[in-house]
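File shown: protein_14.cif. Contents: mmCIF, N, CA and C atoms.
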data_coords
loop_
_atom_site.label_atom_id
_atom_site.label_comp_id
_atom_site.auth_asym_id
_atom_site.auth_seq_id
_atom_site.Cartn_x
_atom_site.Cartn_y
_atom_site.Cartn_z
N VAL U 1 7.66 -7.14 -38.48
CA VAL U 1 8.17 -6.23 -39.48
C VAL U 1 7.22 -5.06 -39.62
N ARG U 2 7.79 -3.88 -39.63
CA ARG U 2 6.98 -2.67 -39.77
C ARG U 2 7.48 -1.89 -40.98
N LEU U 3 6.54 -1.43 -41.80
CA LEU U 3 6.88 -0.63 -42.98
C LEU U 3 6.73 0.84 -42.64
N VAL U 4 7.78 1.61 -42.90
CA VAL U 4 7.76 3.03 -42.58
C VAL U 4 8.10 3.81 -43.85
N GLU U 5 7.12 4.55 -44.34
CA GLU U 5 7.32 5.38 -45.53
C GLU U 5 7.57 6.82 -45.12
N SER U 6 8.40 7.50 -45.91
CA SER U 6 8.70 8.91 -45.63
C SER U 6 9.09 9.61 -46.92
N GLY U 7 9.20 10.93 -46.85
CA GLY U 7 9.68 11.70 -47.99
C GLY U 7 8.63 12.46 -48.74
N GLY U 8 7.36 12.28 -48.38
CA GLY U 8 6.31 12.99 -49.08
C GLY U 8 6.34 14.47 -48.76
N GLY U 9 5.48 15.22 -49.43
CA GLY U 9 5.41 16.65 -49.20
C GLY U 9 4.51 17.33 -50.19
N TYR U 10 4.62 18.66 -50.18
CA TYR U 10 3.80 19.51 -51.05
C TYR U 10 4.73 20.14 -52.07
N VAL U 11 4.48 19.86 -53.36
CA VAL U 11 5.35 20.39 -54.40
C VAL U 11 4.53 20.95 -55.54
N PRO U 12 5.07 21.89 -56.29
CA PRO U 12 4.34 22.38 -57.47
C PRO U 12 4.47 21.38 -58.61
N ALA U 13 3.56 21.47 -59.55
CA ALA U 13 3.64 20.62 -60.74
C ALA U 13 5.00 20.80 -61.40
N GLY U 14 5.57 19.66 -61.83
CA GLY U 14 6.90 19.69 -62.41
C GLY U 14 8.01 19.42 -61.42
N GLY U 15 7.68 19.42 -60.16
CA GLY U 15 8.67 19.20 -59.12
C GLY U 15 9.02 17.73 -58.93
N SER U 16 9.90 17.48 -57.96
CA SER U 16 10.39 16.13 -57.69
C SER U 16 10.34 15.83 -56.20
N LEU U 17 10.19 14.57 -55.91
CA LEU U 17 10.27 14.06 -54.54
C LEU U 17 10.92 12.69 -54.58
N ARG U 18 11.56 12.33 -53.48
CA ARG U 18 12.11 10.98 -53.34
C ARG U 18 11.52 10.35 -52.09
N LEU U 19 10.76 9.30 -52.29
CA LEU U 19 10.13 8.59 -51.18
C LEU U 19 11.03 7.45 -50.73
N SER U 20 10.99 7.20 -49.42
CA SER U 20 11.77 6.11 -48.84
C SER U 20 10.85 5.16 -48.10
N CYS U 21 11.23 3.90 -48.10
CA CYS U 21 10.48 2.88 -47.37
C CYS U 21 11.48 2.01 -46.63
N ALA U 22 11.33 1.93 -45.32
CA ALA U 22 12.19 1.11 -44.50
C ALA U 22 11.40 -0.06 -43.94
N ALA U 23 11.93 -1.24 -44.10
CA ALA U 23 11.29 -2.44 -43.56
C ALA U 23 11.90 -2.69 -42.19
N SER U 24 11.37 -1.98 -41.22
CA SER U 24 11.92 -2.04 -39.87
C SER U 24 11.65 -3.39 -39.25
N GLY U 25 12.67 -3.98 -38.64
CA GLY U 25 12.50 -5.26 -37.99
C GLY U 25 12.69 -6.44 -38.91
N SER U 26 12.79 -6.18 -40.20
CA SER U 26 12.95 -7.26 -41.17
C SER U 26 14.38 -7.75 -41.19
N ILE U 27 14.56 -9.02 -41.34
CA ILE U 27 15.91 -9.52 -41.49
C ILE U 27 16.19 -9.66 -42.98
N PHE U 28 17.46 -9.66 -43.31
CA PHE U 28 17.88 -9.64 -44.70
C PHE U 28 17.28 -10.80 -45.48
N SER U 29 17.24 -11.98 -44.88
CA SER U 29 16.77 -13.16 -45.60
C SER U 29 15.28 -13.10 -45.89
N VAL U 30 14.57 -12.25 -45.20
CA VAL U 30 13.15 -12.04 -45.47
C VAL U 30 12.97 -10.96 -46.51
N PHE U 31 13.71 -9.88 -46.39
CA PHE U 31 13.56 -8.73 -47.29
C PHE U 31 14.07 -9.04 -48.69
N ALA U 32 15.26 -9.58 -48.77
CA ALA U 32 15.96 -9.68 -50.06
C ALA U 32 15.22 -10.50 -51.13
N PRO U 33 14.60 -11.63 -50.80
CA PRO U 33 13.98 -12.43 -51.86
C PRO U 33 12.65 -11.86 -52.36
N GLN U 34 12.13 -10.87 -51.68
CA GLN U 34 10.81 -10.36 -52.02
C GLN U 34 10.85 -9.36 -53.16
N ASP U 35 9.75 -9.37 -53.95
CA ASP U 35 9.51 -8.29 -54.90
C ASP U 35 8.77 -7.20 -54.14
N TRP U 36 9.17 -5.96 -54.34
CA TRP U 36 8.59 -4.84 -53.59
C TRP U 36 7.94 -3.84 -54.54
N GLY U 37 6.96 -3.18 -54.01
CA GLY U 37 6.25 -2.23 -54.85
C GLY U 37 5.87 -0.97 -54.10
N TRP U 38 5.67 0.09 -54.86
CA TRP U 38 5.10 1.32 -54.35
C TRP U 38 3.66 1.42 -54.87
N TYR U 39 2.77 1.71 -53.96
CA TYR U 39 1.37 1.87 -54.27
C TYR U 39 0.96 3.30 -53.92
N ARG U 40 -0.17 3.71 -54.44
CA ARG U 40 -0.73 4.99 -54.03
C ARG U 40 -2.25 4.90 -53.99
N GLN U 41 -2.81 5.75 -53.15
CA GLN U 41 -4.26 5.81 -53.01
C GLN U 41 -4.68 7.27 -52.91
N ALA U 42 -5.44 7.70 -53.90
CA ALA U 42 -5.99 9.04 -53.90
C ALA U 42 -7.38 9.00 -53.26
N PRO U 43 -7.85 10.10 -52.73
CA PRO U 43 -9.18 10.13 -52.10
C PRO U 43 -10.26 9.61 -53.05
N GLY U 44 -11.05 8.68 -52.55
CA GLY U 44 -12.14 8.12 -53.34
C GLY U 44 -11.72 7.04 -54.31
N ASN U 45 -10.43 6.76 -54.39
CA ASN U 45 -9.93 5.75 -55.33
C ASN U 45 -9.40 4.54 -54.59
N GLN U 46 -9.29 3.44 -55.32
CA GLN U 46 -8.66 2.26 -54.76
C GLN U 46 -7.14 2.41 -54.79
N ARG U 47 -6.50 1.66 -53.93
CA ARG U 47 -5.05 1.65 -53.93
C ARG U 47 -4.55 1.00 -55.22
N GLU U 48 -3.56 1.62 -55.86
CA GLU U 48 -3.04 1.09 -57.11
C GLU U 48 -1.53 0.94 -57.03
N LEU U 49 -1.03 -0.06 -57.73
CA LEU U 49 0.41 -0.29 -57.82
C LEU U 49 0.97 0.62 -58.90
N VAL U 50 1.99 1.40 -58.56
CA VAL U 50 2.57 2.30 -59.54
C VAL U 50 3.97 1.88 -59.98
N ALA U 51 4.69 1.15 -59.15
CA ALA U 51 6.04 0.73 -59.51
C ALA U 51 6.40 -0.51 -58.71
N SER U 52 7.17 -1.40 -59.32
CA SER U 52 7.60 -2.59 -58.61
C SER U 52 9.03 -2.94 -59.01
N ILE U 53 9.69 -3.68 -58.12
CA ILE U 53 11.07 -4.09 -58.36
C ILE U 53 11.24 -5.51 -57.82
N THR U 54 11.80 -6.38 -58.65
CA THR U 54 11.97 -7.76 -58.26
C THR U 54 13.24 -7.93 -57.42
N SER U 55 13.43 -9.15 -56.94
CA SER U 55 14.63 -9.45 -56.17
C SER U 55 15.88 -9.29 -57.02
N SER U 56 15.74 -9.46 -58.32
CA SER U 56 16.89 -9.26 -59.24
C SER U 56 16.94 -7.85 -59.80
N LYS U 57 16.12 -6.97 -59.24
CA LYS U 57 16.09 -5.54 -59.57
C LYS U 57 15.52 -5.23 -60.94
N SER U 58 14.71 -6.13 -61.49
CA SER U 58 13.93 -5.77 -62.67
C SER U 58 12.79 -4.87 -62.21
N THR U 59 12.46 -3.88 -63.03
CA THR U 59 11.45 -2.91 -62.62
C THR U 59 10.28 -2.89 -63.59
N HIS U 60 9.15 -2.45 -63.07
CA HIS U 60 7.96 -2.30 -63.89
C HIS U 60 7.19 -1.10 -63.38
N TYR U 61 6.58 -0.36 -64.31
CA TYR U 61 5.87 0.86 -63.95
C TYR U 61 4.49 0.90 -64.58
N ALA U 62 3.57 1.51 -63.86
CA ALA U 62 2.27 1.79 -64.44
C ALA U 62 2.45 2.81 -65.56
N ASP U 63 1.58 2.73 -66.56
CA ASP U 63 1.70 3.65 -67.69
C ASP U 63 1.67 5.11 -67.24
N SER U 64 0.92 5.38 -66.22
CA SER U 64 0.73 6.76 -65.78
C SER U 64 2.00 7.39 -65.22
N VAL U 65 2.97 6.57 -64.81
CA VAL U 65 4.18 7.10 -64.20
C VAL U 65 5.44 6.72 -64.97
N ASN U 66 5.30 5.89 -65.97
CA ASN U 66 6.46 5.40 -66.73
C ASN U 66 7.22 6.58 -67.34
N GLY U 67 8.52 6.56 -67.12
CA GLY U 67 9.36 7.64 -67.64
C GLY U 67 9.54 8.79 -66.67
N ARG U 68 8.75 8.81 -65.60
CA ARG U 68 8.85 9.89 -64.61
C ARG U 68 9.30 9.38 -63.25
N PHE U 69 8.92 8.15 -62.92
CA PHE U 69 9.24 7.58 -61.61
C PHE U 69 10.31 6.51 -61.79
N THR U 70 11.14 6.36 -60.75
CA THR U 70 12.16 5.31 -60.74
C THR U 70 12.18 4.64 -59.37
N ILE U 71 12.03 3.33 -59.37
CA ILE U 71 12.06 2.56 -58.13
C ILE U 71 13.43 1.92 -57.99
N SER U 72 13.92 1.85 -56.75
CA SER U 72 15.21 1.22 -56.49
C SER U 72 15.16 0.58 -55.10
N ARG U 73 16.15 -0.26 -54.83
CA ARG U 73 16.17 -0.96 -53.55
C ARG U 73 17.61 -1.21 -53.13
N ASP U 74 17.77 -1.38 -51.83
CA ASP U 74 19.06 -1.77 -51.26
C ASP U 74 18.77 -2.86 -50.24
N ASN U 75 19.10 -4.09 -50.58
CA ASN U 75 18.78 -5.21 -49.69
C ASN U 75 19.55 -5.12 -48.37
N SER U 76 20.79 -4.67 -48.43
CA SER U 76 21.59 -4.62 -47.21
C SER U 76 21.01 -3.63 -46.21
N ARG U 77 20.34 -2.60 -46.70
CA ARG U 77 19.71 -1.60 -45.82
C ARG U 77 18.24 -1.86 -45.64
N LYS U 78 17.70 -2.85 -46.35
CA LYS U 78 16.28 -3.20 -46.28
C LYS U 78 15.41 -1.97 -46.58
N MET U 79 15.75 -1.34 -47.68
CA MET U 79 15.03 -0.12 -48.05
C MET U 79 14.66 -0.12 -49.52
N VAL U 80 13.57 0.57 -49.82
CA VAL U 80 13.09 0.76 -51.18
C VAL U 80 12.83 2.25 -51.36
N TRP U 81 13.16 2.78 -52.53
CA TRP U 81 12.94 4.20 -52.79
C TRP U 81 12.08 4.39 -54.05
N LEU U 82 11.48 5.55 -54.14
CA LEU U 82 10.75 5.92 -55.34
C LEU U 82 11.13 7.36 -55.67
N GLN U 83 11.89 7.53 -56.73
CA GLN U 83 12.23 8.86 -57.21
C GLN U 83 11.13 9.31 -58.16
N MET U 84 10.52 10.44 -57.86
CA MET U 84 9.39 10.93 -58.64
C MET U 84 9.75 12.28 -59.24
N ASN U 85 9.79 12.33 -60.54
CA ASN U 85 10.11 13.57 -61.26
C ASN U 85 8.92 14.00 -62.11
N SER U 86 8.96 15.25 -62.55
CA SER U 86 7.90 15.80 -63.40
C SER U 86 6.53 15.52 -62.82
N LEU U 87 6.38 15.78 -61.55
CA LEU U 87 5.13 15.47 -60.85
C LEU U 87 3.96 16.25 -61.41
N LYS U 88 2.81 15.61 -61.40
CA LYS U 88 1.56 16.19 -61.90
C LYS U 88 0.54 16.21 -60.78
N PRO U 89 -0.46 17.08 -60.86
CA PRO U 89 -1.51 17.09 -59.84
C PRO U 89 -2.18 15.72 -59.68
N ASP U 90 -2.28 14.93 -60.76
CA ASP U 90 -2.88 13.59 -60.66
C ASP U 90 -2.04 12.63 -59.84
N ASP U 91 -0.81 12.98 -59.54
CA ASP U 91 0.02 12.13 -58.69
C ASP U 91 -0.29 12.32 -57.20
N THR U 92 -1.13 13.27 -56.88
CA THR U 92 -1.50 13.52 -55.50
C THR U 92 -2.17 12.29 -54.90
N ALA U 93 -1.61 11.80 -53.81
CA ALA U 93 -2.11 10.58 -53.16
C ALA U 93 -1.27 10.29 -51.92
N VAL U 94 -1.72 9.31 -51.16
CA VAL U 94 -0.88 8.74 -50.11
C VAL U 94 -0.14 7.56 -50.73
N TYR U 95 1.17 7.52 -50.53
CA TYR U 95 2.01 6.50 -51.13
C TYR U 95 2.46 5.50 -50.06
N TYR U 96 2.39 4.22 -50.44
CA TYR U 96 2.74 3.12 -49.55
C TYR U 96 3.70 2.17 -50.27
N CYS U 97 4.48 1.45 -49.49
CA CYS U 97 5.27 0.37 -50.05
C CYS U 97 4.82 -0.94 -49.41
N ASN U 98 5.07 -2.03 -50.09
CA ASN U 98 4.76 -3.34 -49.55
C ASN U 98 5.36 -4.41 -50.44
N SER U 99 5.47 -5.59 -49.89
CA SER U 99 5.87 -6.75 -50.65
C SER U 99 4.73 -7.12 -51.60
N LEU U 100 5.08 -7.51 -52.81
CA LEU U 100 4.02 -7.82 -53.79
C LEU U 100 3.33 -9.14 -53.51
N LYS U 101 4.08 -10.18 -53.23
CA LYS U 101 3.50 -11.52 -53.17
C LYS U 101 3.17 -11.96 -51.74
N GLN U 102 3.83 -11.37 -50.76
CA GLN U 102 3.55 -11.70 -49.36
C GLN U 102 3.39 -10.39 -48.59
N PRO U 103 2.30 -9.68 -48.87
CA PRO U 103 2.14 -8.36 -48.27
C PRO U 103 2.12 -8.39 -46.76
N LEU U 104 2.75 -7.38 -46.20
CA LEU U 104 2.79 -7.19 -44.76
C LEU U 104 1.69 -6.21 -44.36
N GLU U 105 1.58 -5.98 -43.08
CA GLU U 105 0.64 -4.97 -42.61
C GLU U 105 1.05 -3.62 -43.19
N TRP U 106 0.08 -2.90 -43.73
CA TRP U 106 0.37 -1.63 -44.38
C TRP U 106 0.88 -0.60 -43.37
N GLY U 107 1.85 0.18 -43.83
CA GLY U 107 2.30 1.29 -43.01
C GLY U 107 1.34 2.46 -43.11
N GLN U 108 1.73 3.58 -42.54
CA GLN U 108 0.87 4.77 -42.55
C GLN U 108 0.94 5.52 -43.86
N GLY U 109 1.95 5.22 -44.65
CA GLY U 109 2.08 5.90 -45.93
C GLY U 109 2.65 7.29 -45.76
N THR U 110 2.90 7.93 -46.90
CA THR U 110 3.41 9.29 -46.91
C THR U 110 2.62 10.09 -47.94
N GLN U 111 2.14 11.26 -47.52
CA GLN U 111 1.28 12.07 -48.37
C GLN U 111 2.10 12.85 -49.39
N VAL U 112 1.69 12.76 -50.64
CA VAL U 112 2.27 13.57 -51.72
C VAL U 112 1.16 14.45 -52.28
N THR U 113 1.40 15.73 -52.28
CA THR U 113 0.44 16.68 -52.83
C THR U 113 1.13 17.53 -53.88
N VAL U 114 0.58 17.52 -55.08
CA VAL U 114 1.16 18.27 -56.19
C VAL U 114 0.18 19.36 -56.59
N SER U 115 0.61 20.59 -56.51
CA SER U 115 -0.27 21.71 -56.84
C SER U 115 -0.16 22.05 -58.33
N SER U 116 -1.26 22.54 -58.87
CA SER U 116 -1.29 22.88 -60.30
C SER U 116 -0.79 24.30 -60.53
#
Translate the structure described by the file into structure tokens.
Amino acid sequence: VRLVESGGGYVPAGGSLRLSCAASGSIFSVFAPQDWGWYRQAPGNQRELVASITSSKSTHYADSVNGRFTISRDNSRKMVWLQMNSLKPDDTAVYYCNSLKQPLEWGQGTQVTVSS
């Protein structure tokens, strides 16, 4: 299974981006039962979990992004998305997705840069 993140870019503060994560090679029975999350890592910082979604589609967000980010998933397509609105310069980081409880090898991530 390979995780492929995409959708990052360079946006001004207040802008929006939608990140996508594809679990390439994963079969439905492996993807669907897992809880999935979006993480980010800014230069000099540890990787942090910013949003998660359970197999029953319950969601949870870090305080720093609550109300601005929305995580969603489609089991049939084996994909997870992160809609990011009202972006701030502090959101600048490389964003990754992964399974919460049975993490796979990390993908390359997608760079998000928010200008002030």
Among region 1-113 of chain U, which ones does DSSP assign to strand (DSSP E or B) (computed from the backbone)? Answer as a count of residues only. 55
Evaluate the PyMOL selection byres ((chain U and resi 77) around 8) and record the selected residues as a ChimeraX atom specification, following the chain and residue labels used in the document. /U:21-23,28,73-76,78-80
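Residues matched by the PyMOL selection byres ((chain U and resi 50-61) around 6.5) in this file are U:Ala32, U:Pro33, U:Gln34, U:Asp35, U:Trp36, U:Gly37, U:Trp38, U:Tyr39, U:Arg40, U:Glu48, U:Leu49, U:Ala62, U:Asp63, U:Ser64, U:Val65, U:Asn66, U:Ile71.
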Enumerate as a compact mmCIF listing (two decimals) with N, CA and C atoms, in the frame of the given file all residues of chain U assigned to helix (DSSP H, G or I) by DSSP on the backbone, naming them with the chain letters and numbers the document uses.
# COMPACT_ATOMS: atom_id res chain seq x y z
N PHE U 28 17.46 -9.66 -43.31
CA PHE U 28 17.88 -9.64 -44.70
C PHE U 28 17.28 -10.80 -45.48
N SER U 29 17.24 -11.98 -44.88
CA SER U 29 16.77 -13.16 -45.60
C SER U 29 15.28 -13.10 -45.89
N VAL U 30 14.57 -12.25 -45.20
CA VAL U 30 13.15 -12.04 -45.47
C VAL U 30 12.97 -10.96 -46.51
N PHE U 31 13.71 -9.88 -46.39
CA PHE U 31 13.56 -8.73 -47.29
C PHE U 31 14.07 -9.04 -48.69
N PRO U 89 -0.46 17.08 -60.86
CA PRO U 89 -1.51 17.09 -59.84
C PRO U 89 -2.18 15.72 -59.68
N ASP U 90 -2.28 14.93 -60.76
CA ASP U 90 -2.88 13.59 -60.66
C ASP U 90 -2.04 12.63 -59.84
N ASP U 91 -0.81 12.98 -59.54
CA ASP U 91 0.02 12.13 -58.69
C ASP U 91 -0.29 12.32 -57.20
Expanded to explicit residues, what is the PyMOL selection byres ((chain U and resi 89) around 6) for this file, as a short mmCIF file (atom, residue, chain, number, x, y, z; two decimals) with N, CA and C atoms, in the coordinates of the input?
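Written output follows (out_1.cif):
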data_model
loop_
_atom_site.label_atom_id
_atom_site.label_comp_id
_atom_site.auth_asym_id
_atom_site.auth_seq_id
_atom_site.Cartn_x
_atom_site.Cartn_y
_atom_site.Cartn_z
N ALA U 13 3.56 21.47 -59.55
CA ALA U 13 3.64 20.62 -60.74
C ALA U 13 5.00 20.80 -61.40
N LEU U 87 6.38 15.78 -61.55
CA LEU U 87 5.13 15.47 -60.85
C LEU U 87 3.96 16.25 -61.41
N LYS U 88 2.81 15.61 -61.40
CA LYS U 88 1.56 16.19 -61.90
C LYS U 88 0.54 16.21 -60.78
N ASP U 90 -2.28 14.93 -60.76
CA ASP U 90 -2.88 13.59 -60.66
C ASP U 90 -2.04 12.63 -59.84
N ASP U 91 -0.81 12.98 -59.54
CA ASP U 91 0.02 12.13 -58.69
C ASP U 91 -0.29 12.32 -57.20
N THR U 92 -1.13 13.27 -56.88
CA THR U 92 -1.50 13.52 -55.50
C THR U 92 -2.17 12.29 -54.90
N VAL U 114 0.58 17.52 -55.08
CA VAL U 114 1.16 18.27 -56.19
C VAL U 114 0.18 19.36 -56.59
N SER U 115 0.61 20.59 -56.51
CA SER U 115 -0.27 21.71 -56.84
C SER U 115 -0.16 22.05 -58.33
N SER U 116 -1.26 22.54 -58.87
CA SER U 116 -1.29 22.88 -60.30
C SER U 116 -0.79 24.30 -60.53
#
Two-atom distance - CA of Gly109 (chain U), CA of Gly44 (chain U) (Å):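 Taking CA of Gly109 (chain U) as the start and CA of Gly44 (chain U) as the end point, the length is 16.2 Å.
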Any idea what the distance is between CA of Gly15 (chain U) and CA of Leu100 (chain U)?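 A separation of 27.9 Å between them.
Considering all atoms listed in the file, the residue among U:Tyr95, U:Gly67, U:Arg18, U:Asn45 positioned nearest to Trp81 (chain U) is U:Arg18.
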Protein and nucleic acid residues near (7.4, -5.8, -36.2) (cut-off 6 Å, all atoms listed in the file) as an MDAnalysis selection string: chainID U and resid 1:2 24:25
Suppose you want the space between atom C of Pro43 (chain U) and atom C of Thr70 (chain U); what is it in Å? 23.8 Å
Considering only C-alpha atoms, state which residue in the set U:Ile27, U:Cys97, U:Leu17, U:Leu104 is at the smallest distance from Glu5 (chain U). U:Cys97
